[in-house]
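Trainee: My questions will all concern the structure given below.
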Amino acid sequence: MNLDHLYDDQLDALAIAEFRTLKASFSGSRLWEAEKLLGHGSFGFTALLRDKSLLRGRSQRKYVLKRSLVPHRGTDDITNEIGGLELLRGSTHLVNIIASTGDVAEYRKKKNSGSVVRRAMKRLKRTWDNPPTNVFKVLSISEGPAMLLEYIPNGSLLDLMNRANRRGYSIPNRILWSFYLCLVRACVGMAYPLKRPAGEPQVLEEILRGVEPFGAMHNDVALRNIMVDETEIIPEHYLIPKLKLIDFGIAEESESAQHAIRENLWDITREMISIIKRRGVDLRDGNWGVYNGVSTYAVDVLPRNGVNPFPTLDPELRLLLVEAMALGFAERPSLRQMLRRTRDGAAKPAAAYHQRALDESDMVIKMHMQQLLYDAA
């Protein structure tokens, strides 16, 4: 099937049809269920799977299945993403891959050997453990690559911003700093991949001393590809949920690690400005301005004709955005400097904002996050 000229509504219909087929495939499984269609692109789709096994009293697991929309189309993107995510596995601000296969057909049942008792014990153990790879056995009637990803429950940053806009919320500086720090840490994770084994705890991304950076370049940083996770019992996320970058289908390795770092930092800064201005940032016209002696493309956050478009924006955050989008590479902060400055910014207490301390207080931020994530209409 040629997907190159399909319209969005036709792709929607195709994704729905594929999900119905997927749901039917799982209808006979006692261990996994296809719960809902999450989304799709031109060549791939994602669906939420639920572990319905009642053994061992484990908490209910949910994973995201990602595979091609139709056989033999988009498989290169899926395969590319599998390779990239296995390299990046373990970073807490990048989506983590749980399991993958280059071809689900490899899981088709082979002729069993051994005694009847031994085969029964193996089946019982597989049922008891219910490893994620059991999903691929259900899918083995088809072909092509597939992966299971961690499920991030609170939707995308685009969803959150749309809800904030509908409610007329102005995003507090402490949330903006926290989001920026998350995205900078995602850039650190791409520059210093951990390649941790599946099942190991995720760790906070840090710049590794004495280690040469890697040239991973995401190429599709957008609010729709930034997911909102949960809060955690660590200083950075006790109040504001962490963000995770997803969708590495068109990611690539640059020959220059510094070029990749610059591109990733540029992309996350562009998205931060789109959060502040509540709409997309178009840099195609090449407009630039000067702020604090820095020539910059971050014109959307600059005063115009003596009018400050965002009077409540933290001046230190404005300056960092300006410098991160400076015309000259030499004027842009390094990855290490970006990490330090966003970490310092995110650590500011409400009292640092003086007259706006109430708007930046824990109470108000908790109320905003509760309404935007859990009471969303």
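FYI, nothing fancy with the structure tokens labels: chains A, B, ... in order, residues from 1 per chain, ligands from 1 as they appear.
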For Val301 (chain A), find every residue with an atom within 10 Å (counting only C-alpha atoms), except residues of its own chain fewer than 5 positions away, and show them as a ChimeraX atom specification.

Mentor: /A:273-274,276-277,291,308-311,313,318-319,321-322

Trainee: Counting only C-alpha atoms, which residues of region 192-284 of chain A fall within 10 Å of region 360-376 of chain A, and what is the closest atom pair for each with its distance in Å at one decimal, ordered by chain and rising number, as a Markdown table?

Mentor:
| residue | atom | partner | partner_atom | distance |
| --- | --- | --- | --- | --- |
| A:Val228 | CA | A:Leu373 | CA | 8.8 |
| A:Asp229 | CA | A:Leu373 | CA | 10.0 |
| A:Glu230 | CA | A:Leu373 | CA | 9.8 |
| A:Leu239 | CA | A:Lys366 | CA | 6.9 |
| A:Ile240 | CA | A:Met369 | CA | 7.4 |
| A:Pro241 | CA | A:Met369 | CA | 8.4 |

Trainee: Find, counting only C-alpha atoms, the residue in A:Gly328, A:Ser42, A:Leu11, A:Gly90 that gets nearest to Pro201 (chain A).

Mentor: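 Between A:Gly328, A:Ser42, A:Leu11, A:Gly90, the residue approaching Pro201 (chain A) most closely is A:Gly90.
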
Trainee: Would you work out the distance separating CA of Ala257 (chain A) from CA of Glu212 (chain A), expressed in Å to one decimal?

Mentor: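 Between these atoms lies a distance of 8.6 Å.
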
Trainee: Excluding Asp103 (chain A) and its own-chain neighbours fewer than 2 positions away, which residues fall within 8 Å of it when counting only C-alpha atoms? Please give them as a count of residues only.

Mentor: 7

Trainee: Can you work out which one of A:Lys195, A:Arg166, A:Arg279, A:Lys137 has the shortest atom-to-atom distance to Gly83 (chain A), counting only C-alpha atoms?

Mentor: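 Under the stated criterion, the closest residue is A:Lys195.
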
Trainee: Counting only C-alpha atoms, which residue out of A:Arg108, A:His259, A:Arg185, A:Lys62 sits closest to Arg50 (chain A)?

Mentor: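 Of A:Arg108, A:His259, A:Arg185, A:Lys62, the one nearest Arg50 (chain A) is A:Lys62, counting only C-alpha atoms.
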
Trainee: For region 71-77 of chain A, work out the shell of residues within 9 Å, counting only C-alpha atoms and skipping chain neighbours fewer than 4 positions away, then give it as a count of residues only.

Mentor: 18

Trainee: DSSP on the backbone, then: every residue of region 154-256 of chain A marked strand (DSSP E or B), written as a short mmCIF file (atom, residue, chain, number, x, y, z; two decimals) with N, CA, C and O atoms, in the first residue's frame.

Mentor:
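Saved to out.cif:
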data_model
loop_
_atom_site.label_atom_id
_atom_site.label_comp_id
_atom_site.auth_asym_id
_atom_site.auth_seq_id
_atom_site.Cartn_x
_atom_site.Cartn_y
_atom_site.Cartn_z
N SER A 156 1.07 14.57 26.39
CA SER A 156 2.18 15.36 25.87
C SER A 156 2.16 16.78 26.43
O SER A 156 1.15 17.26 26.96
N VAL A 203 18.47 6.72 35.57
CA VAL A 203 19.28 7.64 36.37
C VAL A 203 19.23 9.05 35.78
O VAL A 203 18.95 9.25 34.60
N ALA A 216 24.35 12.17 19.04
CA ALA A 216 22.93 11.86 18.81
C ALA A 216 22.14 13.14 18.59
O ALA A 216 22.19 14.06 19.40
N MET A 217 21.40 13.20 17.50
CA MET A 217 20.61 14.37 17.13
C MET A 217 19.16 13.92 16.93
O MET A 217 18.89 13.06 16.09
N ILE A 226 7.14 15.58 23.53
CA ILE A 226 7.63 15.74 24.90
C ILE A 226 6.49 15.32 25.81
O ILE A 226 5.42 15.92 25.80
N MET A 227 6.72 14.27 26.59
CA MET A 227 5.66 13.72 27.43
C MET A 227 5.82 14.18 28.88
O MET A 227 6.93 14.42 29.37
N VAL A 228 4.69 14.28 29.57
CA VAL A 228 4.66 14.71 30.96
C VAL A 228 4.51 13.48 31.85
O VAL A 228 3.51 12.76 31.78
N LEU A 243 9.69 15.80 32.48
CA LEU A 243 9.36 15.64 31.08
C LEU A 243 10.26 14.57 30.47
O LEU A 243 11.40 14.38 30.89
N LYS A 244 9.75 13.89 29.45
CA LYS A 244 10.52 12.88 28.73
C LYS A 244 10.38 13.12 27.23
O LYS A 244 9.27 13.32 26.73
N LEU A 245 11.50 13.04 26.56
CA LEU A 245 11.51 13.19 25.11
C LEU A 245 11.28 11.83 24.46
O LEU A 245 11.90 10.83 24.84
N GLU A 252 19.43 10.74 14.30
CA GLU A 252 20.62 10.29 13.59
C GLU A 252 21.87 10.64 14.39
O GLU A 252 21.82 11.45 15.32
N GLU A 253 22.96 10.01 14.02
CA GLU A 253 24.24 10.32 14.63
C GLU A 253 24.99 11.29 13.74
O GLU A 253 25.28 11.00 12.58
#
